[in-house]
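Student: start_10.pdb (PDB, C-alpha atoms and all ligand atoms) pasted underneath:
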```
MODEL        1
ATOM      1  CA  MET A   1     158.014  53.586 148.337  1.00  0.00           C
ATOM      2  CA  SER A   2     159.573  50.198 148.493  1.00  0.00           C
ATOM      3  CA  GLU A   3     161.774  49.432 151.457  1.00  0.00           C
ATOM      4  CA  GLN A   4     164.700  48.201 149.359  1.00  0.00           C
ATOM      5  CA  LYS A   5     168.092  49.021 150.737  1.00  0.00           C
ATOM      6  CA  ALA A   6     169.764  51.843 148.814  1.00  0.00           C
ATOM      7  CA  ALA A   7     172.783  50.847 146.766  1.00  0.00           C
ATOM      8  CA  ARG A   8     174.720  53.989 147.700  1.00  0.00           C
ATOM      9  CA  GLY A   9     175.786  55.021 151.134  1.00  0.00           C
ATOM     10  CA  TYR A  10     174.287  58.114 152.716  1.00  0.00           C
ATOM     11  CA  LEU A  11     177.460  60.218 152.489  1.00  0.00           C
ATOM     12  CA  SER A  12     178.138  59.102 148.925  1.00  0.00           C
ATOM     13  CA  SER A  13     174.637  60.114 147.848  1.00  0.00           C
ATOM     14  CA  VAL A  14     174.908  63.496 149.612  1.00  0.00           C
ATOM     15  CA  LEU A  15     178.288  64.319 148.067  1.00  0.00           C
ATOM     16  CA  GLY A  16     177.173  63.011 144.666  1.00  0.00           C
ATOM     17  CA  CYS A  17     173.972  65.143 144.732  1.00  0.00           C
ATOM     18  CA  ARG A  18     171.697  62.125 144.404  1.00  0.00           C
ATOM     19  CA  CYS A  19     168.008  61.831 145.225  1.00  0.00           C
ATOM     20  CA  PRO A  20     167.409  61.744 149.006  1.00  0.00           C
ATOM     21  CA  ARG A  21     164.864  58.933 148.650  1.00  0.00           C
ATOM     22  CA  CYS A  22     166.338  56.397 146.201  1.00  0.00           C
ATOM     23  CA  ARG A  23     169.951  57.713 146.248  1.00  0.00           C
ATOM     24  CA  GLU A  24     170.284  56.915 142.541  1.00  0.00           C
ATOM     25  CA  GLY A  25     168.723  59.730 140.483  1.00  0.00           C
ATOM     26  CA  ASN A  26     170.672  62.935 139.862  1.00  0.00           C
ATOM     27  CA  LEU A  27     169.237  66.081 141.447  1.00  0.00           C
ATOM     28  CA  PHE A  28     170.873  68.302 138.808  1.00  0.00           C
ATOM     29  CA  LYS A  29     170.230  68.116 135.059  1.00  0.00           C
ATOM     30  CA  HIS A  30     173.801  68.739 133.933  1.00  0.00           C
ATOM     31  CA  LYS A  31     177.250  67.818 135.121  1.00  0.00           C
ATOM     32  CA  MET A  32     179.606  70.555 136.314  1.00  0.00           C
ATOM     33  CA  SER A  33     180.814  72.656 133.396  1.00  0.00           C
ATOM     34  CA  PHE A  34     181.650  76.211 132.462  1.00  0.00           C
ATOM     35  CA  ARG A  35     178.132  76.726 131.068  1.00  0.00           C
ATOM     36  CA  PHE A  36     177.070  78.538 134.236  1.00  0.00           C
ATOM     37  CA  LYS A  37     173.457  79.039 133.151  1.00  0.00           C
ATOM     38  CA  LYS A  38     172.884  75.304 133.012  1.00  0.00           C
ATOM     39  CA  THR A  39     175.073  74.078 135.862  1.00  0.00           C
ATOM     40  CA  MET A  40     172.559  74.738 138.644  1.00  0.00           C
ATOM     41  CA  GLU A  41     169.409  73.568 136.814  1.00  0.00           C
ATOM     42  CA  MET A  42     167.661  70.925 138.886  1.00  0.00           C
ATOM     43  CA  ASN A  43     165.308  68.190 137.771  1.00  0.00           C
ATOM     44  CA  LYS A  44     161.676  68.795 138.776  1.00  0.00           C
ATOM     45  CA  GLU A  45     161.555  65.246 140.042  1.00  0.00           C
ATOM     46  CA  CYS A  46     163.962  62.358 140.458  1.00  0.00           C
ATOM     47  CA  PRO A  47     164.461  60.602 137.085  1.00  0.00           C
ATOM     48  CA  VAL A  48     164.587  57.210 138.858  1.00  0.00           C
ATOM     49  CA  CYS A  49     161.843  57.213 141.523  1.00  0.00           C
ATOM     50  CA  GLY A  50     159.832  60.368 140.707  1.00  0.00           C
ATOM     51  CA  GLN A  51     160.403  62.093 144.074  1.00  0.00           C
ATOM     52  CA  PRO A  52     159.707  65.830 143.588  1.00  0.00           C
ATOM     53  CA  THR A  53     162.814  67.915 144.292  1.00  0.00           C
ATOM     54  CA  GLU A  54     160.730  70.850 145.566  1.00  0.00           C
ATOM     55  CA  ILE A  55     158.122  69.271 147.830  1.00  0.00           C
ATOM     56  CA  GLU A  56     156.654  72.612 148.892  1.00  0.00           C
ATOM     57  CA  VAL A  57     157.858  76.191 148.983  1.00  0.00           C
ATOM     58  CA  GLY A  58     160.567  76.571 151.600  1.00  0.00           C
ATOM     59  CA  PHE A  59     160.792  72.832 152.355  1.00  0.00           C
ATOM     60  CA  TYR A  60     164.587  72.829 152.078  1.00  0.00           C
ATOM     61  CA  TYR A  61     165.027  76.257 153.685  1.00  0.00           C
ATOM     62  CA  GLY A  62     166.652  74.724 156.773  1.00  0.00           C
ATOM     63  CA  THR A  63     169.400  73.135 154.695  1.00  0.00           C
ATOM     64  CA  SER A  64     170.860  76.572 154.059  1.00  0.00           C
ATOM     65  CA  TYR A  65     171.833  76.733 157.744  1.00  0.00           C
ATOM     66  CA  VAL A  66     173.620  73.394 157.484  1.00  0.00           C
ATOM     67  CA  SER A  67     175.299  74.458 154.242  1.00  0.00           C
ATOM     68  CA  TYR A  68     176.440  77.725 155.822  1.00  0.00           C
ATOM     69  CA  ALA A  69     177.833  75.935 158.886  1.00  0.00           C
ATOM     70  CA  LEU A  70     179.693  73.416 156.689  1.00  0.00           C
ATOM     71  CA  THR A  71     181.115  76.216 154.541  1.00  0.00           C
ATOM     72  CA  ILE A  72     182.409  78.075 157.580  1.00  0.00           C
ATOM     73  CA  ALA A  73     183.840  74.888 159.117  1.00  0.00           C
ATOM     74  CA  ILE A  74     185.665  73.937 155.895  1.00  0.00           C
ATOM     75  CA  SER A  75     186.948  77.502 155.439  1.00  0.00           C
ATOM     76  CA  VAL A  76     188.294  77.608 158.995  1.00  0.00           C
ATOM     77  CA  ALA A  77     189.941  74.192 158.536  1.00  0.00           C
ATOM     78  CA  SER A  78     191.523  75.361 155.279  1.00  0.00           C
ATOM     79  CA  LEU A  79     192.725  78.581 156.938  1.00  0.00           C
ATOM     80  CA  VAL A  80     194.292  76.612 159.805  1.00  0.00           C
ATOM     81  CA  ALA A  81     195.960  74.244 157.318  1.00  0.00           C
ATOM     82  CA  TRP A  82     197.214  77.249 155.300  1.00  0.00           C
ATOM     83  CA  TYR A  83     198.563  78.835 158.500  1.00  0.00           C
ATOM     84  CA  LEU A  84     200.380  75.646 159.547  1.00  0.00           C
ATOM     85  CA  ILE A  85     201.787  74.813 156.097  1.00  0.00           C
ATOM     86  CA  ILE A  86     202.395  78.204 154.459  1.00  0.00           C
ATOM     87  CA  GLY A  87     201.880  80.691 157.265  1.00  0.00           C
ATOM     88  CA  LEU A  88     200.121  84.036 157.504  1.00  0.00           C
ATOM     89  CA  SER A  89     201.649  87.474 157.795  1.00  0.00           C
ATOM     90  CA  THR A  90     200.496  91.074 157.817  1.00  0.00           C
ATOM     91  CA  SER A  91     203.499  92.120 155.719  1.00  0.00           C
ATOM     92  CA  ASP A  92     202.585  90.233 152.549  1.00  0.00           C
ATOM     93  CA  ASN A  93     199.565  88.967 150.597  1.00  0.00           C
ATOM     94  CA  ARG A  94     199.455  85.342 151.758  1.00  0.00           C
ATOM     95  CA  PHE A  95     196.015  85.844 153.316  1.00  0.00           C
ATOM     96  CA  PHE A  96     194.628  87.022 149.977  1.00  0.00           C
ATOM     97  CA  TYR A  97     196.212  84.042 148.222  1.00  0.00           C
ATOM     98  CA  TRP A  98     194.352  81.829 150.712  1.00  0.00           C
ATOM     99  CA  LEU A  99     191.117  83.684 149.921  1.00  0.00           C
ATOM    100  CA  GLY A 100     191.649  83.022 146.206  1.00  0.00           C
ATOM    101  CA  CYS A 101     192.505  79.361 146.744  1.00  0.00           C
ATOM    102  CA  ASN A 102     189.488  78.959 149.041  1.00  0.00           C
ATOM    103  CA  ALA A 103     187.207  80.472 146.397  1.00  0.00           C
ATOM    104  CA  VAL A 104     188.641  78.176 143.702  1.00  0.00           C
ATOM    105  CA  TYR A 105     188.128  75.200 146.030  1.00  0.00           C
ATOM    106  CA  TYR A 106     184.455  76.082 146.533  1.00  0.00           C
ATOM    107  CA  PHE A 107     184.010  76.602 142.811  1.00  0.00           C
ATOM    108  CA  CYS A 108     185.453  73.156 142.115  1.00  0.00           C
ATOM    109  CA  TYR A 109     183.282  71.629 144.846  1.00  0.00           C
ATOM    110  CA  ASN A 110     180.156  73.065 143.225  1.00  0.00           C
ATOM    111  CA  PRO A 111     177.600  70.300 142.793  1.00  0.00           C
ATOM    112  CA  GLY A 112     176.426  69.177 139.433  1.00  0.00           C
TER     113      GLY A 112
HETATM  114 ZN    ZN B   1     164.873  59.097 143.514  1.00  0.00          ZN
ENDMDL
END
```
Please, can you express the file's structure as C-alpha cells?
Tutor:
Amino acid sequence: MSEQKAARGYLSSVLGCRCPRCREGNLFKHKMSFRFKKTMEMNKECPVCGQPTEIEVGFYYGTSYVSYALTIAISVASLVAWYLIIGLSTSDNRFFYWLGCNAVYYFCYNPG
C-alpha cells in the first residue's frame, strides 16, 4: 500500500461507509433505497484499492460491540433530548412516539 495521505478525513470515511484503507471506495454496492434485499449487499473488495472487505471469518466481530455501544449512547441522548423538549409521562403515549421516532432515525441512518 502506498503511504499517500487519504483525501477524506477519518470520521467522514466512517460515516460515509468508505474503505478503511483508501477511504475512497464504497463498502456497499448500492445506495440506500427501499429495495431492502440490495441495500446491505457489500462489495467483496474495495473497488478502488482492492482491499478485501472480509479479511477472515470473524475479523470485524469486535465492531459489533462498538456499534452496540454507539446505538445505546445515541438512543439515550435522543431520549434525554425528547424528555427535555417534549417530556415523558406515564399517562400518555409520548414514550412510544419516541420509540417510533428513534426507530425511524436508525432506519434513515442505515448505511448504504
Ligand atoms: Zn480501498
Student: Can you list, as a JSON list (two decimals) with C-alpha atoms, in the frame of the given file, every protein, DNA or RNA residue that comes within 12 Å of Leu99 of chain A when you count all atoms listed in the file, leaving out same-chain residues fewer than 2 positions away?
Tutor:
```json
[["chain", "number", "residue", "atom", "x", "y", "z"],
["A", 75, "SER", "CA", 186.95, 77.50, 155.44],
["A", 76, "VAL", "CA", 188.29, 77.61, 159.00],
["A", 78, "SER", "CA", 191.52, 75.36, 155.28],
["A", 79, "LEU", "CA", 192.72, 78.58, 156.94],
["A", 82, "TRP", "CA", 197.21, 77.25, 155.30],
["A", 88, "LEU", "CA", 200.12, 84.04, 157.50],
["A", 93, "ASN", "CA", 199.56, 88.97, 150.60],
["A", 94, "ARG", "CA", 199.46, 85.34, 151.76],
["A", 95, "PHE", "CA", 196.02, 85.84, 153.32],
["A", 96, "PHE", "CA", 194.63, 87.02, 149.98],
["A", 97, "TYR", "CA", 196.21, 84.04, 148.22],
["A", 101, "CYS", "CA", 192.50, 79.36, 146.74],
["A", 102, "ASN", "CA", 189.49, 78.96, 149.04],
["A", 103, "ALA", "CA", 187.21, 80.47, 146.40],
["A", 104, "VAL", "CA", 188.64, 78.18, 143.70],
["A", 105, "TYR", "CA", 188.13, 75.20, 146.03],
["A", 106, "TYR", "CA", 184.46, 76.08, 146.53]]
```
Student: What is the atom CA of Ser91 of chain A-atom CA of Ile74 of chain A distance in Å, reported with one decimal?
Tutor: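 Taking atom CA of Ser91 of chain A as the start and atom CA of Ile74 of chain A as the end point, the length is 25.5 Å.
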Student: Using the chain letters and numbering of this document, enumerate as a PyMOL selection string the residues selected by the PyMOL selection byres (((chain A and resi 25) around 6) and not hetatm).
Tutor: chain A and resi 18-19+24+26+46-48
Student: If the PyMOL selection byres (((not hetatm)) within 12 of (chain B and resi 1)) were run on this exact file, what residues would it hold? Put them as a ChimeraX atom specification.
Tutor: /A:1-2,6-8,13,17-28,43-53
Student: Just give me the gap between atom CA of Met42 of chain A and atom CA of Glu54 of chain A in Å, one decimal is fine.
Tutor: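 Computed distance, atom CA of Met42 of chain A to atom CA of Glu54 of chain A, equals 9.6 Å.
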Student: Rounded to one decimal in Å, what is the spacing between atom CA of Ala81 of chain A and atom CA of Trp98 of chain A?
Tutor: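 One can read the atom CA of Ala81 of chain A to atom CA of Trp98 of chain A distance as 10.2 Å.
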Student: Apply the PyMOL selection byres (((chain A and resi 32) around 12) and not hetatm) to the file shown and report the selected residues as a list in words.
Tutor: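 After applying the PyMOL selection byres (((chain A and resi 32) around 12) and not hetatm), what remains is Gly16, Cys17, Phe28, Lys29, His30, Lys31, Ser33, Phe34, Arg35, Phe36, Lys37, Lys38, Thr39, Met40, Glu41, Phe107, Cys108, Tyr109, Asn110, Pro111 and Gly112 of chain A.
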Student: Enclose segment 25-40 of chain A, meaning all of its atoms listed in the file, in a box aligned along x, y and z, pad it by 6 Å on each side, and list the centre and edge lengths in Å to one decimal, as AutoDock Vina command-line options.
Tutor:
```
--center_x 175.2 --center_y 69.4 --center_z 136.3 --size_x 24.9 --size_y 31.3 --size_z 22.4
```
